[in-house]
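First up is the structure itself, then whatever we jot down about it.
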Amino acid sequence: MINVGVDPRLQSNYDEYYPELSEWRELGALDKARNVRTLCAGCPASTVLEVGAGEGAVLQQLADSGFGQRHYALEISTSGVARIRQRNIASLVECRQFDGYEIPYGDRSFDVVVLSHVVEHVEHPRLLLNEAARVARHLFVEVPLEHNRRLPRDFVWDSVGHINYYTAQTIRLLVQSCGHEVIAQRETHPGRRAYRYRLGRKGNVVFALKEMGLRLAPHTAQRLWTYYSSLLVRPRAAAAFRAA
């Protein structure tokens, strides 16, 4: 039993975070789901759990693309749970609200567990990483790489709720510090359509610059702009969780 919950200030922020389905999140889910499928292409994926599933846009894309046969969702937000259920995903076995840390399933219950853009929101990331790994045969983790030149000197709260900031190296070290093995890691950024949605024609230029930077000078580009880092993780042995 993990006697830790989400801070009431964070919980209240997320409870009504998803008043309706969002076109922006639907668009972002295309790229996020693609990253799951790419990194997990060699993994058995009959059963898939998304932890911190938001409004269900990524899970919907995974289900629609045939990644997984039985899908499960956990989310702390009451409005998020409502939006996921609203989708009527045919392969969705269960959607539950949870306390943000304790996952109500047994060891190795799922072929793939997805933590997509969740760890940056979490007060105790190692607790959640270990809980997600406990129920997973393979774990997918993705975070935005916001520890770059744009990061302010002092913390400023906003409604997006990011409280942890990562580089590709620090998210890798965080996972490894929990005793888990990083099998694969890659850095990406949203597709051209996402930039055009936010910036109009200027989005084509921003996309091209970030794409070129990532290809030609990835370390420099990641210091200048925000990208995503995706990791495929092999959890430590189940016995290690029981001994911890």
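Residues are named by chain letter and number: chains run A, B, ... in the order of the structure tokens, numbers start at 1 in each chain, and ligands are numbered from 1 in the order shown.
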Would you mind listing, for every residue of segment 49-109 of chain A within 8 Å of segment 15-35 of chain A, the two atoms forming the shortest contact and the distance between them in Å to one decimal, using only C-alpha atoms, sorted by chain and ascending residue number, as a tab-separated table?
residue	atom	partner	partner_atom	distance
A:Gly54	CA	A:Tyr18	CA	7.7
A:Glu55	CA	A:Tyr18	CA	6.4
A:Ala57	CA	A:Glu26	CA	5.5
A:Val58	CA	A:Ala29	CA	4.7
A:Leu59	CA	A:Ala33	CA	7.6
A:Gln61	CA	A:Ala33	CA	6.1
A:Leu62	CA	A:Ala33	CA	5.9
A:Ile76	CA	A:Asp15	CA	7.4
A:Ser77	CA	A:Asp15	CA	4.4
A:Thr78	CA	A:Asp15	CA	5.1
A:Ser79	CA	A:Tyr18	CA	5.2
A:Gly80	CA	A:Tyr18	CA	5.5
A:Arg83	CA	A:Leu21	CA	6.7
Name the residues of segment 70-227 of chain A that fall into strand (DSSP E) according to DSSP on the backbone, using the chain letters and numbers of this document, as a compact mmCIF listing (two decimals) with C-alpha atoms, in the first residue's frame.
# COMPACT_ATOMS: atom_id res chain seq x y z
CA ARG A 70 -7.78 -5.15 -24.67
CA HIS A 71 -7.30 -1.64 -23.34
CA TYR A 72 -7.46 -0.21 -19.83
CA ALA A 73 -7.26 3.37 -18.58
CA LEU A 74 -6.42 5.02 -15.25
CA GLU A 75 -6.82 8.75 -14.69
CA LEU A 92 -11.82 -0.65 -23.59
CA VAL A 93 -12.24 -3.18 -20.81
CA GLU A 94 -12.06 -0.78 -17.89
CA CYS A 95 -11.61 2.93 -17.17
CA ARG A 96 -11.05 3.88 -13.55
CA GLN A 97 -10.22 6.93 -11.53
CA PHE A 110 -0.23 -5.96 -18.85
CA ASP A 111 1.96 -6.48 -21.89
CA VAL A 112 2.50 -2.73 -22.26
CA VAL A 113 1.89 0.09 -19.80
CA VAL A 114 1.94 3.62 -21.24
CA LEU A 115 2.99 6.75 -19.33
CA SER A 116 2.69 9.39 -22.06
CA ALA A 136 4.04 -4.10 -16.84
CA ARG A 137 5.99 -6.52 -18.96
CA HIS A 138 7.16 -3.50 -20.93
CA LEU A 139 6.80 0.14 -19.96
CA PHE A 140 6.64 3.10 -22.36
CA VAL A 141 7.52 6.52 -20.97
CA GLU A 142 7.40 9.82 -22.83
CA VAL A 143 8.06 13.34 -21.51
CA PRO A 144 8.63 16.77 -23.02
CA LEU A 145 12.24 17.93 -22.84
CA GLU A 181 16.50 -1.17 -18.03
CA VAL A 182 16.13 1.30 -20.89
CA ILE A 183 15.87 -0.83 -24.02
CA ALA A 184 15.42 2.01 -26.50
CA GLN A 185 15.16 5.78 -26.48
CA ARG A 186 14.42 8.30 -29.20
CA GLU A 187 13.72 12.01 -29.48
CA THR A 188 10.94 13.40 -31.63
CA TYR A 227 11.27 18.01 -28.05
Discussion item. So that I can check the surroundings of Pro235 of chain A, please list as a ChimeraX atom specification every protein, DNA and RNA residue that reaches within 10 Å of it, counting only C-alpha atoms and ignoring chain neighbours fewer than 3 positions away.
Written reply: /A:108,129-130,132-139,175-176,178-182,232,238,240-241
Worksheet item: Got a sec to tell me which of segment 77-192 of chain A DSSP assigns to alpha helix (DSSP H), as number ranges by chain?
Response: A: 78-86, 125-134, 168-177, 192
Filtering to C-alpha atoms, could you give me those residues as an mmCIF file, in the first residue's frame?
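Writing the result to result.cif gives the following:
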data_model
loop_
_atom_site.group_PDB
_atom_site.id
_atom_site.type_symbol
_atom_site.label_atom_id
_atom_site.label_comp_id
_atom_site.auth_asym_id
_atom_site.auth_seq_id
_atom_site.Cartn_x
_atom_site.Cartn_y
_atom_site.Cartn_z
ATOM 1 C CA THR A 78 -13.036 13.101 -12.935
ATOM 2 C CA SER A 79 -13.588 15.001 -16.175
ATOM 3 C CA GLY A 80 -10.915 12.900 -17.899
ATOM 4 C CA VAL A 81 -12.628 9.662 -16.898
ATOM 5 C CA ALA A 82 -15.931 11.035 -18.194
ATOM 6 C CA ARG A 83 -14.388 11.953 -21.577
ATOM 7 C CA ILE A 84 -12.721 8.531 -21.932
ATOM 8 C CA ARG A 85 -16.020 6.774 -21.292
ATOM 9 C CA GLN A 86 -17.733 9.141 -23.721
ATOM 10 C CA PRO A 125 7.825 10.328 -10.078
ATOM 11 C CA ARG A 126 9.774 7.312 -8.813
ATOM 12 C CA LEU A 127 6.719 6.007 -6.964
ATOM 13 C CA LEU A 128 4.596 6.154 -10.072
ATOM 14 C CA LEU A 129 7.317 4.768 -12.324
ATOM 15 C CA ASN A 130 7.781 1.804 -10.009
ATOM 16 C CA GLU A 131 4.044 1.149 -9.723
ATOM 17 C CA ALA A 132 3.618 1.296 -13.495
ATOM 18 C CA ALA A 133 6.636 -0.974 -13.965
ATOM 19 C CA ARG A 134 5.294 -3.430 -11.391
ATOM 20 C CA ALA A 168 16.931 13.243 -22.575
ATOM 21 C CA GLN A 169 19.682 12.279 -20.141
ATOM 22 C CA THR A 170 17.851 13.077 -16.895
ATOM 23 C CA ILE A 171 14.689 11.131 -17.802
ATOM 24 C CA ARG A 172 16.889 8.179 -18.771
ATOM 25 C CA LEU A 173 18.779 8.404 -15.468
ATOM 26 C CA LEU A 174 15.519 8.680 -13.535
ATOM 27 C CA VAL A 175 14.219 5.441 -15.021
ATOM 28 C CA GLN A 176 17.540 3.688 -14.464
ATOM 29 C CA SER A 177 17.751 4.947 -10.880
ATOM 30 C CA ARG A 192 3.800 19.443 -39.201
#
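Compared by their closest atoms to Asp7 of chain A, and using only C-alpha atoms, the residues A:Phe207, A:Gly100, A:Asn148, A:Glu120 rank with A:Gly100 nearest.
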Practice prompt. Using atom CA of Asp99 of chain A and atom CA of Thr226 of chain A as the two end points, give the distance in Å to one decimal.
Written response: 29.3 Å
Fill in: Pick from A:Gly66, A:Pro152, A:Gly161, A:Gly42 nearest to Val119 of chain A, counting only C-alpha atoms
A:Gly161
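Interatomic distance, atom CA of Gly203 of chain A against atom CA of Ser159 of chain A: 24.1 Å.
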Response to the item:
Residue with the minimum atom-to-atom distance to Ser229 of chain A, picked from A:Glu146, A:Pro8, A:Gly106, A:Ala208 with only C-alpha atoms counted, is A:Glu146
